[in-house]
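Content type PDB, C-alpha atoms, from the file model_11.pdb:
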```pdb
ATOM      1  CA  MET A   1     -47.805  34.138 -20.813
ATOM      2  CA  ILE A   2     -45.408  37.066 -21.068
ATOM      3  CA  THR A   3     -41.870  36.460 -19.920
ATOM      4  CA  SER A   4     -40.208  38.980 -17.657
ATOM      5  CA  GLN A   5     -37.764  39.955 -20.407
ATOM      6  CA  ALA A   6     -40.697  40.587 -22.744
ATOM      7  CA  LYS A   7     -42.383  42.774 -20.089
ATOM      8  CA  ASP A   8     -39.124  44.628 -19.631
ATOM      9  CA  SER A   9     -38.866  45.049 -23.403
ATOM     10  CA  ILE A  10     -42.393  46.465 -23.666
ATOM     11  CA  GLU A  11     -41.608  48.898 -20.884
ATOM     12  CA  ARG A  12     -38.359  50.036 -22.514
ATOM     13  CA  ILE A  13     -40.171  50.490 -25.816
ATOM     14  CA  PHE A  14     -42.781  52.599 -24.023
ATOM     15  CA  PHE A  15     -40.123  54.679 -22.252
ATOM     16  CA  LYS A  16     -38.323  55.367 -25.512
ATOM     17  CA  ALA A  17     -41.526  56.285 -27.322
ATOM     18  CA  ALA A  18     -42.720  58.532 -24.495
ATOM     19  CA  GLN A  19     -39.388  60.310 -24.221
ATOM     20  CA  ALA A  20     -39.290  60.851 -27.989
ATOM     21  CA  ARG A  21     -42.877  61.963 -28.553
ATOM     22  CA  LEU A  22     -44.371  63.471 -25.386
ATOM     23  CA  PRO A  23     -42.041  66.425 -24.696
ATOM     24  CA  MET A  24     -43.032  69.467 -26.728
ATOM     25  CA  ALA A  25     -39.469  70.824 -26.907
ATOM     26  CA  PRO A  26     -36.321  68.748 -27.545
ATOM     27  CA  GLY A  27     -34.615  69.677 -24.267
ATOM     28  CA  ASP A  28     -37.617  69.143 -22.012
ATOM     29  CA  VAL A  29     -37.387  66.720 -19.116
ATOM     30  CA  CYS A  30     -39.423  63.529 -19.493
ATOM     31  CA  ASP A  31     -39.192  61.726 -16.161
ATOM     32  CA  ILE A  32     -41.089  58.432 -16.025
ATOM     33  CA  VAL A  33     -41.702  56.651 -12.717
ATOM     34  CA  ALA A  34     -43.592  53.392 -12.234
ATOM     35  CA  ILE A  35     -46.629  53.711  -9.955
ATOM     36  CA  LYS A  36     -46.613  51.085  -7.229
ATOM     37  CA  PRO A  37     -49.081  48.196  -7.461
ATOM     38  CA  GLY A  38     -52.202  48.664  -5.426
ATOM     39  CA  SER A  39     -52.038  52.447  -5.579
ATOM     40  CA  ALA A  40     -54.880  54.588  -6.868
ATOM     41  CA  GLY A  41     -53.986  53.766 -10.458
ATOM     42  CA  GLY A  42     -55.131  50.217  -9.867
ATOM     43  CA  ALA A  43     -52.556  48.766 -12.195
ATOM     44  CA  GLY A  44     -50.104  46.163 -11.036
ATOM     45  CA  SER A  45     -46.736  47.505 -12.062
ATOM     46  CA  THR A  46     -44.111  44.977 -12.944
ATOM     47  CA  GLY A  47     -41.787  47.536 -14.387
ATOM     48  CA  ALA A  48     -38.945  49.749 -13.288
ATOM     49  CA  SER A  49     -38.165  50.379  -9.657
ATOM     50  CA  ALA A  50     -40.847  52.590  -8.217
ATOM     51  CA  THR A  51     -39.490  55.547  -6.336
ATOM     52  CA  GLU A  52     -42.059  57.801  -4.721
ATOM     53  CA  SER A  53     -41.709  61.274  -6.163
ATOM     54  CA  GLY A  54     -43.823  64.284  -6.928
ATOM     55  CA  ALA A  55     -44.539  62.853 -10.338
ATOM     56  CA  ALA A  56     -45.608  59.511  -8.879
ATOM     57  CA  ARG A  57     -47.916  61.122  -6.346
ATOM     58  CA  VAL A  58     -49.536  63.157  -9.081
ATOM     59  CA  GLY A  59     -49.776  60.068 -11.259
ATOM     60  CA  ARG A  60     -51.568  58.103  -8.542
ATOM     61  CA  SER A  61     -54.094  60.814  -7.916
ATOM     62  CA  GLN A  62     -54.544  61.480 -11.618
ATOM     63  CA  ALA A  63     -55.035  57.893 -12.661
ATOM     64  CA  GLN A  64     -58.779  57.837 -12.043
ATOM     65  CA  THR A  65     -59.768  61.419 -12.708
ATOM     66  CA  GLY A  66     -60.312  63.331 -15.933
ATOM     67  CA  GLN A  67     -59.948  61.797 -19.371
ATOM     68  CA  VAL A  68     -57.690  59.201 -20.858
ATOM     69  CA  VAL A  69     -56.643  58.900 -24.481
ATOM     70  CA  VAL A  70     -56.707  55.238 -25.467
ATOM     71  CA  LEU A  71     -54.884  53.557 -28.339
ATOM     72  CA  THR A  72     -54.632  49.888 -29.200
ATOM     73  CA  ILE A  73     -51.917  47.909 -30.950
ATOM     74  CA  SER A  74     -53.222  44.500 -31.989
ATOM     75  CA  GLY A  75     -51.758  41.428 -33.600
ATOM     76  CA  ILE A  76     -52.208  37.677 -33.618
ATOM     77  CA  VAL A  77     -50.488  37.039 -30.285
ATOM     78  CA  PHE A  78     -51.416  40.082 -28.217
ATOM     79  CA  ARG A  79     -53.405  43.257 -27.816
ATOM     80  CA  LEU A  80     -51.692  46.199 -26.156
ATOM     81  CA  MET A  81     -53.564  49.209 -24.868
ATOM     82  CA  LEU A  82     -51.833  52.478 -24.097
ATOM     83  CA  LEU A  83     -53.831  54.887 -21.947
ATOM     84  CA  LEU A  84     -52.482  58.388 -21.441
ATOM     85  CA  HIS A  85     -54.038  60.502 -18.713
ATOM     86  CA  PHE A  86     -54.132  64.268 -19.209
ATOM     87  CA  ASP A  87     -55.716  66.729 -16.813
ATOM     88  CA  GLU A  88     -56.741  69.944 -18.523
ATOM     89  CA  ASP A  89     -55.229  72.268 -15.932
ATOM     90  CA  ASP A  90     -53.533  75.538 -16.830
ATOM     91  CA  SER A  91     -49.964  74.263 -16.864
ATOM     92  CA  THR A  92     -50.843  71.189 -18.945
ATOM     93  CA  ARG A  93     -52.876  73.231 -21.411
ATOM     94  CA  ASP A  94     -50.145  75.863 -21.717
ATOM     95  CA  TYR A  95     -47.569  73.149 -22.296
ATOM     96  CA  PHE A  96     -49.364  71.295 -25.080
ATOM     97  CA  VAL A  97     -51.377  74.034 -26.795
ATOM     98  CA  LYS A  98     -49.107  76.299 -28.782
ATOM     99  CA  GLU A  99     -49.984  79.956 -29.051
ATOM    100  CA  GLY A 100     -52.305  80.477 -32.001
ATOM    101  CA  ALA A 101     -53.254  76.801 -32.231
ATOM    102  CA  GLN A 102     -56.721  76.292 -33.675
ATOM    103  CA  SER A 103     -57.307  72.812 -32.309
ATOM    104  CA  ALA A 104     -58.903  72.026 -28.953
ATOM    105  CA  PHE A 105     -56.808  70.644 -26.089
ATOM    106  CA  GLU A 106     -58.467  67.237 -26.399
ATOM    107  CA  GLU A 107     -57.627  67.053 -30.094
ATOM    108  CA  ILE A 108     -54.014  68.072 -29.510
ATOM    109  CA  VAL A 109     -53.316  65.528 -26.768
ATOM    110  CA  ALA A 110     -55.031  62.843 -28.839
ATOM    111  CA  GLU A 111     -52.566  63.482 -31.654
ATOM    112  CA  ILE A 112     -49.595  63.534 -29.272
ATOM    113  CA  SER A 113     -50.783  60.210 -27.852
ATOM    114  CA  ASN A 114     -51.138  58.924 -31.399
ATOM    115  CA  LEU A 115     -47.509  59.815 -32.098
ATOM    116  CA  CYS A 116     -46.359  58.129 -28.885
ATOM    117  CA  CYS A 117     -48.266  54.934 -29.612
ATOM    118  CA  GLY A 118     -47.117  55.098 -33.241
ATOM    119  CA  ALA A 119     -43.502  55.122 -32.058
ATOM    120  CA  MET A 120     -44.224  52.043 -29.905
ATOM    121  CA  ASN A 121     -45.911  50.348 -32.849
ATOM    122  CA  GLN A 122     -42.959  51.110 -35.098
ATOM    123  CA  GLU A 123     -40.596  49.474 -32.624
ATOM    124  CA  LEU A 124     -42.846  46.474 -31.921
ATOM    125  CA  LEU A 125     -43.207  45.802 -35.650
ATOM    126  CA  ARG A 126     -39.583  44.673 -35.648
ATOM    127  CA  TYR A 127     -40.615  41.661 -33.576
ATOM    128  CA  PHE A 128     -44.305  41.252 -34.498
ATOM    129  CA  PRO A 129     -44.810  42.135 -38.188
ATOM    130  CA  ASP A 130     -48.584  41.640 -38.198
ATOM    131  CA  LEU A 131     -49.454  44.541 -35.868
ATOM    132  CA  GLY A 132     -52.051  47.196 -36.572
ATOM    133  CA  MET A 133     -52.832  50.322 -34.574
ATOM    134  CA  SER A 134     -56.109  52.033 -33.763
ATOM    135  CA  THR A 135     -56.899  55.722 -34.001
ATOM    136  CA  PRO A 136     -56.984  57.529 -30.621
ATOM    137  CA  TYR A 137     -60.209  57.768 -28.678
ATOM    138  CA  THR A 138     -61.027  59.487 -25.407
ATOM    139  CA  LEU A 139     -62.667  57.834 -22.397
ATOM    140  CA  SER A 140     -63.331  58.742 -18.781
ATOM    141  CA  ALA A 141     -60.414  57.773 -16.545
ATOM    142  CA  HIS A 142     -62.905  55.827 -14.425
ATOM    143  CA  CYS A 143     -62.460  53.018 -16.955
ATOM    144  CA  VAL A 144     -58.874  52.390 -15.819
ATOM    145  CA  PRO A 145     -59.613  50.053 -12.871
ATOM    146  CA  HIS A 146     -61.755  47.903 -15.173
ATOM    147  CA  LEU A 147     -58.659  46.935 -17.129
ATOM    148  CA  GLU A 148     -58.210  44.250 -14.473
ATOM    149  CA  ASP A 149     -61.401  42.624 -15.795
ATOM    150  CA  LEU A 150     -59.583  41.897 -19.049
ATOM    151  CA  ARG A 151     -57.243  39.617 -17.046
ATOM    152  CA  PRO A 152     -54.191  41.169 -18.654
ATOM    153  CA  SER A 153     -50.876  39.398 -18.726
ATOM    154  CA  TYR A 154     -49.150  42.710 -18.115
ATOM    155  CA  LEU A 155     -50.501  45.847 -16.511
ATOM    156  CA  ALA A 156     -48.448  48.802 -15.358
ATOM    157  CA  SER A 157     -48.995  52.482 -14.645
ATOM    158  CA  TYR A 158     -46.534  55.335 -14.760
ATOM    159  CA  ALA A 159     -46.325  58.932 -13.654
ATOM    160  CA  ILE A 160     -44.673  61.186 -16.193
ATOM    161  CA  GLN A 161     -43.260  64.642 -15.585
ATOM    162  CA  LEU A 162     -42.745  66.820 -18.644
ATOM    163  CA  GLY A 163     -40.712  70.000 -18.400
ATOM    164  CA  ASP A 164     -40.740  71.690 -15.016
ATOM    165  CA  SER A 165     -44.347  71.348 -13.960
ATOM    166  CA  VAL A 166     -46.499  69.190 -16.227
ATOM    167  CA  HIS A 167     -47.628  65.840 -14.835
ATOM    168  CA  ILE A 168     -49.452  63.222 -16.849
ATOM    169  CA  ALA A 169     -49.874  59.489 -16.303
ATOM    170  CA  ALA A 170     -49.816  56.403 -18.482
ATOM    171  CA  THR A 171     -51.080  52.847 -18.248
ATOM    172  CA  LEU A 172     -49.925  49.906 -20.331
ATOM    173  CA  CYS A 173     -52.199  46.867 -20.574
ATOM    174  CA  VAL A 174     -51.249  43.785 -22.570
ATOM    175  CA  CYS A 175     -53.594  40.836 -23.120
ATOM    176  CA  ALA A 176     -51.729  37.867 -24.571
ATOM    177  CA  ASP A 177     -53.327  35.172 -26.699
ATOM    178  CA  ALA A 178     -50.109  33.144 -26.911
ATOM    179  CA  PRO A 179     -46.787  33.063 -25.078
ATOM    180  CA  ILE A 180     -44.725  36.199 -25.657
ATOM    181  CA  ASP A 181     -40.968  36.242 -25.313
ATOM    182  CA  PHE A 182     -38.691  38.747 -26.983
ATOM    183  CA  VAL A 183     -35.857  41.098 -26.133
ATOM    184  CA  ALA A 184     -36.121  44.569 -27.594
ATOM    185  CA  ASP A 185     -32.944  46.341 -28.559
ATOM    186  CA  VAL A 186     -34.218  49.894 -28.367
ATOM    187  CA  THR A 187     -30.779  51.398 -28.960
ATOM    188  CA  ALA A 188     -30.382  49.836 -32.385
ATOM    189  CA  VAL A 189     -33.374  51.407 -34.093
ATOM    190  CA  GLU A 190     -32.733  54.238 -36.501
ATOM    191  CA  GLU A 191     -34.866  57.360 -36.227
ATOM    192  CA  SER A 192     -36.613  57.406 -39.606
ATOM    193  CA  SER A 193     -39.753  59.370 -38.795
ATOM    194  CA  GLY A 194     -40.480  62.464 -40.799
ATOM    195  CA  GLU A 195     -38.467  61.334 -43.812
ATOM    196  CA  LEU A 196     -40.133  60.807 -47.161
ATOM    197  CA  GLU A 197     -39.666  57.299 -48.532
ATOM    198  CA  LEU A 198     -40.367  57.441 -52.252
ATOM    199  CA  PHE A 199     -41.590  54.269 -53.979
TER
ATOM    200  CA  MET B 200     -50.732  77.596 -58.793
ATOM    201  CA  ALA B 201     -50.825  73.840 -58.284
ATOM    202  CA  LYS B 202     -52.853  72.791 -55.303
ATOM    203  CA  ILE B 203     -51.906  70.379 -52.542
ATOM    204  CA  LEU B 204     -54.678  68.508 -50.724
ATOM    205  CA  VAL B 205     -53.970  67.614 -47.073
ATOM    206  CA  VAL B 206     -56.257  64.851 -45.763
ATOM    207  CA  ASP B 207     -56.290  64.011 -42.038
ATOM    208  CA  ASP B 208     -59.019  63.500 -39.457
ATOM    209  CA  SER B 209     -56.835  65.212 -36.850
ATOM    210  CA  SER B 210     -57.309  68.972 -37.044
ATOM    211  CA  THR B 211     -53.964  69.318 -35.272
ATOM    212  CA  VAL B 212     -52.138  67.597 -38.128
ATOM    213  CA  ARG B 213     -54.228  69.280 -40.833
ATOM    214  CA  ASP B 214     -53.473  72.720 -39.399
ATOM    215  CA  GLU B 215     -49.800  71.970 -38.847
ATOM    216  CA  VAL B 216     -49.160  70.644 -42.357
ATOM    217  CA  ALA B 217     -51.385  73.124 -44.200
ATOM    218  CA  SER B 218     -49.991  76.114 -42.283
ATOM    219  CA  PHE B 219     -46.421  75.060 -42.985
ATOM    220  CA  LEU B 220     -47.040  74.603 -46.716
ATOM    221  CA  ARG B 221     -49.008  77.853 -47.041
ATOM    222  CA  LYS B 222     -46.270  79.734 -45.180
ATOM    223  CA  ASN B 223     -43.892  78.447 -47.830
ATOM    224  CA  GLY B 224     -46.009  79.749 -50.686
ATOM    225  CA  LEU B 225     -47.941  76.643 -51.644
ATOM    226  CA  ASP B 226     -51.651  76.558 -52.396
ATOM    227  CA  VAL B 227     -53.338  74.129 -49.979
ATOM    228  CA  ASP B 228     -56.798  72.699 -49.493
ATOM    229  CA  THR B 229     -57.777  70.319 -46.671
ATOM    230  CA  ALA B 230     -60.132  67.390 -46.142
ATOM    231  CA  VAL B 231     -61.232  65.674 -42.927
ATOM    232  CA  ASP B 232     -61.225  62.048 -44.142
ATOM    233  CA  GLY B 233     -60.879  59.935 -47.273
ATOM    234  CA  LYS B 234     -64.491  60.480 -48.325
ATOM    235  CA  ASP B 235     -64.075  64.244 -48.078
ATOM    236  CA  GLY B 236     -60.718  63.980 -49.849
ATOM    237  CA  LEU B 237     -62.266  62.076 -52.745
ATOM    238  CA  ALA B 238     -65.012  64.706 -53.059
ATOM    239  CA  LYS B 239     -62.395  67.485 -53.099
ATOM    240  CA  MET B 240     -60.467  65.613 -55.788
ATOM    241  CA  LYS B 241     -63.611  65.402 -57.921
ATOM    242  CA  ALA B 242     -64.331  69.099 -57.458
ATOM    243  CA  SER B 243     -60.754  70.376 -57.941
ATOM    244  CA  PRO B 244     -59.006  68.913 -60.975
ATOM    245  CA  GLY B 245     -56.033  71.229 -60.359
ATOM    246  CA  ILE B 246     -54.788  69.213 -57.388
ATOM    247  CA  LYS B 247     -51.332  67.821 -58.143
ATOM    248  CA  LEU B 248     -50.335  66.359 -54.783
ATOM    249  CA  VAL B 249     -52.343  64.625 -52.056
ATOM    250  CA  VAL B 250     -50.804  64.251 -48.577
ATOM    251  CA  SER B 251     -52.989  61.870 -46.610
ATOM    252  CA  ASP B 252     -53.250  60.020 -43.314
ATOM    253  CA  VAL B 253     -54.004  56.287 -43.495
ATOM    254  CA  ASN B 254     -56.312  55.554 -40.545
ATOM    255  CA  MET B 255     -59.379  57.804 -40.728
ATOM    256  CA  PRO B 256     -63.118  57.377 -40.158
ATOM    257  CA  ASN B 257     -65.581  57.019 -43.076
ATOM    258  CA  MET B 258     -62.857  56.223 -45.600
ATOM    259  CA  ASP B 259     -59.196  55.448 -44.924
ATOM    260  CA  GLY B 260     -56.372  56.986 -46.925
ATOM    261  CA  LEU B 261     -55.421  53.871 -48.876
ATOM    262  CA  THR B 262     -59.010  53.275 -50.006
ATOM    263  CA  MET B 263     -59.137  56.910 -51.080
ATOM    264  CA  ALA B 264     -55.930  56.397 -53.089
ATOM    265  CA  GLU B 265     -57.405  53.304 -54.752
ATOM    266  CA  LYS B 266     -60.531  55.252 -55.685
ATOM    267  CA  ILE B 267     -58.534  58.189 -57.046
ATOM    268  CA  ARG B 268     -56.688  55.803 -59.376
ATOM    269  CA  GLY B 269     -59.744  53.646 -60.104
ATOM    270  CA  GLU B 270     -63.047  55.546 -59.898
ATOM    271  CA  LEU B 271     -61.601  58.915 -60.889
ATOM    272  CA  ALA B 272     -59.104  57.362 -63.319
ATOM    273  CA  ASN B 273     -56.599  59.955 -62.144
ATOM    274  CA  SER B 274     -53.123  58.558 -62.639
ATOM    275  CA  ALA B 275     -51.428  61.956 -62.666
ATOM    276  CA  VAL B 276     -51.873  63.159 -59.105
ATOM    277  CA  ASN B 277     -49.042  62.273 -56.704
ATOM    278  CA  ILE B 278     -50.201  60.676 -53.453
ATOM    279  CA  ILE B 279     -48.047  60.680 -50.303
ATOM    280  CA  MET B 280     -49.137  58.990 -47.070
ATOM    281  CA  LEU B 281     -48.356  60.775 -43.783
ATOM    282  CA  THR B 282     -49.086  58.321 -41.004
ATOM    283  CA  THR B 283     -47.990  56.604 -37.806
ATOM    284  CA  GLU B 284     -48.278  53.303 -39.691
ATOM    285  CA  SER B 285     -44.903  51.922 -40.696
ATOM    286  CA  SER B 286     -45.451  48.236 -41.417
ATOM    287  CA  PRO B 287     -44.032  46.843 -44.674
ATOM    288  CA  ALA B 288     -47.413  45.226 -45.384
ATOM    289  CA  MET B 289     -49.171  48.587 -45.193
ATOM    290  CA  LYS B 290     -46.565  50.194 -47.453
ATOM    291  CA  GLU B 291     -46.997  47.359 -49.964
ATOM    292  CA  ARG B 292     -50.728  48.026 -49.980
ATOM    293  CA  GLY B 293     -49.912  51.682 -50.562
ATOM    294  CA  LYS B 294     -47.669  50.867 -53.513
ATOM    295  CA  ALA B 295     -50.389  48.668 -55.006
ATOM    296  CA  ALA B 296     -52.857  51.541 -54.595
ATOM    297  CA  GLY B 297     -50.616  53.886 -56.563
ATOM    298  CA  VAL B 298     -49.113  55.757 -53.627
ATOM    299  CA  LYS B 299     -45.911  57.584 -54.550
ATOM    300  CA  GLY B 300     -44.304  57.871 -51.104
ATOM    301  CA  TRP B 301     -44.612  57.320 -47.363
ATOM    302  CA  ILE B 302     -43.815  59.517 -44.364
ATOM    303  CA  VAL B 303     -43.968  58.224 -40.794
ATOM    304  CA  LYS B 304     -45.284  60.943 -38.454
ATOM    305  CA  PRO B 305     -44.369  63.335 -36.956
ATOM    306  CA  PHE B 306     -44.342  65.741 -39.896
ATOM    307  CA  LYS B 307     -41.008  67.486 -40.407
ATOM    308  CA  GLY B 308     -41.762  70.096 -43.021
ATOM    309  CA  ASP B 309     -38.223  71.207 -43.797
ATOM    310  CA  ALA B 310     -37.255  67.631 -44.670
ATOM    311  CA  VAL B 311     -39.884  67.296 -47.397
ATOM    312  CA  LEU B 312     -40.652  70.810 -48.630
ATOM    313  CA  GLU B 313     -38.570  70.760 -51.808
ATOM    314  CA  THR B 314     -39.833  67.307 -52.801
ATOM    315  CA  PHE B 315     -43.404  68.450 -52.196
ATOM    316  CA  ARG B 316     -42.762  71.459 -54.455
ATOM    317  CA  LYS B 317     -41.534  69.185 -57.255
ATOM    318  CA  LEU B 318     -44.394  66.717 -56.835
ATOM    319  CA  ALA B 319     -46.932  69.558 -56.875
ATOM    320  CA  SER B 320     -45.536  71.239 -59.978
TER
END
```
Would you mind writing the structure in this file as structure tokens?
Amino acid sequence: MITSQAKDSIERIFFKAAQARLPMAPGDVCDIVAIKPGSAGGAGSTGASATESGAARVGRSQAQTGQVVVLTISGIVFRLMLLLHFDEDDSTRDYFVKEGAQSAFEEIVAEISNLCCGAMNQELLRYFPDLGMSTPYTLSAHCVPHLEDLRPSYLASYAIQLGDSVHIAATLCVCADAPIDFVADVTAVEESSGELELF
Amino acid sequence: MAKILVVDDSSTVRDEVASFLRKNGLDVDTAVDGKDGLAKMKASPGIKLVVSDVNMPNMDGLTMAEKIRGELANSAVNIIMLTTESSPAMKERGKAAGVKGWIVKPFKGDAVLETFRKLAS
């Protein structure tokens, strides 16, 4: 129900959103590697070439442990779920929680996930104008293998390295209610976030 | 001093926006959702600018804006939405609810500070 160019487009939109919103500093590395199908993540990747790396190994082991932040983008023809996996280890906490921050780690990564999914939503709205996005919610990562039960048209997991030592993981799950075919031009979109549009 | 009300269910965003505005000399109050924001508006007639998220539990930001204009009959306060939502349909609903402006997150304080000052004066 989803053409390969549409799957590729969704993946490129995710990559762009993740690289724009997940790093805490502008110059930080954001290395995204697809996790191979059948690995511990349980998701059947159809995305970019999967090269085993430190980030991928961490992603596979991380995919079913800890918590995931879940967001949904829904419209008439599909429902997309973005799951971001964060382990609250020292390096991850130090990376995301700024000194003096009053919010809890869980709250902070939920907002970062919200920004990432918001960037995806913004891009997808160019092709599907009826989309709406959920607020973030946190679930046990044990829910990830059950995504297969939704019989998704597209399911892929990724290992993400941020900066020198922070490893998180992501899963994209798309359930289509109608055929989906589009080609995203992610280079053509202007960066308009943060600007005030007065009515 | 004119007060700015920051409404967001995310404490991360509330703290970030309120801290930035306070650091720049503005008087700020916060609310955790639209229902809380509406109660703060009732209790604090001095509020000149509301900066609000859209998607929140209990009451969303656009419903709060509609109630500020309708129930409270307050046509003077400026309402700005700060949200990940960017669809034209949502912005149209905002305009109809009396929203003055729209910012797609993330919040970039330096880009909006002077406009916020004017809208809060």
I need the contact residues of chain A against chain B, so if you could list those with any atom within 9 Å, counting only C-alpha atoms, and return them as a VMD selection string, that would help. chain A and resid 21 101 to 104 107 to 108 110 to 111 114 to 115 117 to 119 121 to 122 125 to 126 129 to 135 192 to 199
Same residues, C-alpha atoms, saved as a PDB file, in the coordinates of the input:
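The resulting file, result28.pdb, is shown below:
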```
ATOM      1  CA  ARG A  21     -42.877  61.963 -28.553  1.00  0.00           C
ATOM      2  CA  ALA A 101     -53.254  76.801 -32.231  1.00  0.00           C
ATOM      3  CA  GLN A 102     -56.721  76.292 -33.675  1.00  0.00           C
ATOM      4  CA  SER A 103     -57.307  72.812 -32.309  1.00  0.00           C
ATOM      5  CA  ALA A 104     -58.903  72.026 -28.953  1.00  0.00           C
ATOM      6  CA  GLU A 107     -57.627  67.053 -30.094  1.00  0.00           C
ATOM      7  CA  ILE A 108     -54.014  68.072 -29.510  1.00  0.00           C
ATOM      8  CA  ALA A 110     -55.031  62.843 -28.839  1.00  0.00           C
ATOM      9  CA  GLU A 111     -52.566  63.482 -31.654  1.00  0.00           C
ATOM     10  CA  ASN A 114     -51.138  58.924 -31.399  1.00  0.00           C
ATOM     11  CA  LEU A 115     -47.509  59.815 -32.098  1.00  0.00           C
ATOM     12  CA  CYS A 117     -48.266  54.934 -29.612  1.00  0.00           C
ATOM     13  CA  GLY A 118     -47.117  55.098 -33.241  1.00  0.00           C
ATOM     14  CA  ALA A 119     -43.502  55.122 -32.058  1.00  0.00           C
ATOM     15  CA  ASN A 121     -45.911  50.348 -32.849  1.00  0.00           C
ATOM     16  CA  GLN A 122     -42.959  51.110 -35.098  1.00  0.00           C
ATOM     17  CA  LEU A 125     -43.207  45.802 -35.650  1.00  0.00           C
ATOM     18  CA  ARG A 126     -39.583  44.673 -35.648  1.00  0.00           C
ATOM     19  CA  PRO A 129     -44.810  42.135 -38.188  1.00  0.00           C
ATOM     20  CA  ASP A 130     -48.584  41.640 -38.198  1.00  0.00           C
ATOM     21  CA  LEU A 131     -49.454  44.541 -35.868  1.00  0.00           C
ATOM     22  CA  GLY A 132     -52.051  47.196 -36.572  1.00  0.00           C
ATOM     23  CA  MET A 133     -52.832  50.322 -34.574  1.00  0.00           C
ATOM     24  CA  SER A 134     -56.109  52.033 -33.763  1.00  0.00           C
ATOM     25  CA  THR A 135     -56.899  55.722 -34.001  1.00  0.00           C
ATOM     26  CA  SER A 192     -36.613  57.406 -39.606  1.00  0.00           C
ATOM     27  CA  SER A 193     -39.753  59.370 -38.795  1.00  0.00           C
ATOM     28  CA  GLY A 194     -40.480  62.464 -40.799  1.00  0.00           C
ATOM     29  CA  GLU A 195     -38.467  61.334 -43.812  1.00  0.00           C
ATOM     30  CA  LEU A 196     -40.133  60.807 -47.161  1.00  0.00           C
ATOM     31  CA  GLU A 197     -39.666  57.299 -48.532  1.00  0.00           C
ATOM     32  CA  LEU A 198     -40.367  57.441 -52.252  1.00  0.00           C
ATOM     33  CA  PHE A 199     -41.590  54.269 -53.979  1.00  0.00           C
TER      34      PHE A 199
END
```
Might you spell out which residues the PyMOL selection byres ((chain B and resi 229-244) around 6) would select in the displayed file, as a PyMOL selection string? chain B and resi 204-208+228+245-246+255+258-260+263
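One distance worth recording is that between atom CA of A:Asp164 and atom CA of A:Phe14, which is 21.2 Å.
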Can you pull out every residue within 9 Å of B:Ala275, counting all atoms listed in the file, but drop anything in the same chain fewer than 3 positions away, and send it as a PyMOL selection string? chain B and resi 247+268+272
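Proximity of B:Val250, B:Ile203, B:Leu261, B:Ile267 to B:Val227, computed with only C-alpha atoms, is greatest for B:Ile203.
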Which residues, named as in the file, does the PyMOL selection byres ((chain A and resi 72) around 12) pick out? Answer as a PDB file with C-alpha atoms, keeping the file's coordinate frame.
```pdb
ATOM      1  CA  VAL A  69     -56.643  58.900 -24.481  1.00  0.00           C
ATOM      2  CA  VAL A  70     -56.707  55.238 -25.467  1.00  0.00           C
ATOM      3  CA  LEU A  71     -54.884  53.557 -28.339  1.00  0.00           C
ATOM      4  CA  ILE A  73     -51.917  47.909 -30.950  1.00  0.00           C
ATOM      5  CA  SER A  74     -53.222  44.500 -31.989  1.00  0.00           C
ATOM      6  CA  GLY A  75     -51.758  41.428 -33.600  1.00  0.00           C
ATOM      7  CA  PHE A  78     -51.416  40.082 -28.217  1.00  0.00           C
ATOM      8  CA  ARG A  79     -53.405  43.257 -27.816  1.00  0.00           C
ATOM      9  CA  LEU A  80     -51.692  46.199 -26.156  1.00  0.00           C
ATOM     10  CA  MET A  81     -53.564  49.209 -24.868  1.00  0.00           C
ATOM     11  CA  LEU A  82     -51.833  52.478 -24.097  1.00  0.00           C
ATOM     12  CA  LEU A  83     -53.831  54.887 -21.947  1.00  0.00           C
ATOM     13  CA  LEU A  84     -52.482  58.388 -21.441  1.00  0.00           C
ATOM     14  CA  SER A 113     -50.783  60.210 -27.852  1.00  0.00           C
ATOM     15  CA  ASN A 114     -51.138  58.924 -31.399  1.00  0.00           C
ATOM     16  CA  CYS A 116     -46.359  58.129 -28.885  1.00  0.00           C
ATOM     17  CA  CYS A 117     -48.266  54.934 -29.612  1.00  0.00           C
ATOM     18  CA  GLY A 118     -47.117  55.098 -33.241  1.00  0.00           C
ATOM     19  CA  MET A 120     -44.224  52.043 -29.905  1.00  0.00           C
ATOM     20  CA  ASN A 121     -45.911  50.348 -32.849  1.00  0.00           C
ATOM     21  CA  LEU A 131     -49.454  44.541 -35.868  1.00  0.00           C
ATOM     22  CA  GLY A 132     -52.051  47.196 -36.572  1.00  0.00           C
ATOM     23  CA  MET A 133     -52.832  50.322 -34.574  1.00  0.00           C
ATOM     24  CA  SER A 134     -56.109  52.033 -33.763  1.00  0.00           C
ATOM     25  CA  THR A 135     -56.899  55.722 -34.001  1.00  0.00           C
ATOM     26  CA  PRO A 136     -56.984  57.529 -30.621  1.00  0.00           C
ATOM     27  CA  TYR A 137     -60.209  57.768 -28.678  1.00  0.00           C
ATOM     28  CA  THR A 171     -51.080  52.847 -18.248  1.00  0.00           C
ATOM     29  CA  LEU A 172     -49.925  49.906 -20.331  1.00  0.00           C
ATOM     30  CA  CYS A 173     -52.199  46.867 -20.574  1.00  0.00           C
ATOM     31  CA  VAL A 174     -51.249  43.785 -22.570  1.00  0.00           C
ATOM     32  CA  CYS A 175     -53.594  40.836 -23.120  1.00  0.00           C
TER      33      CYS A 175
END
```
Expand the PyMOL selection byres ((chain A and resi 163) around 6) into the individual residues it matches in the shown file, reporting them as a short mmCIF file (atom, residue, chain, number, x, y, z; two decimals) with C-alpha atoms, in the coordinates of the input.
```cif
data_model
loop_
_atom_site.label_atom_id
_atom_site.label_comp_id
_atom_site.auth_asym_id
_atom_site.auth_seq_id
_atom_site.Cartn_x
_atom_site.Cartn_y
_atom_site.Cartn_z
CA ASP A 28 -37.62 69.14 -22.01
CA VAL A 29 -37.39 66.72 -19.12
CA LEU A 162 -42.74 66.82 -18.64
CA ASP A 164 -40.74 71.69 -15.02
CA SER A 165 -44.35 71.35 -13.96
#
```
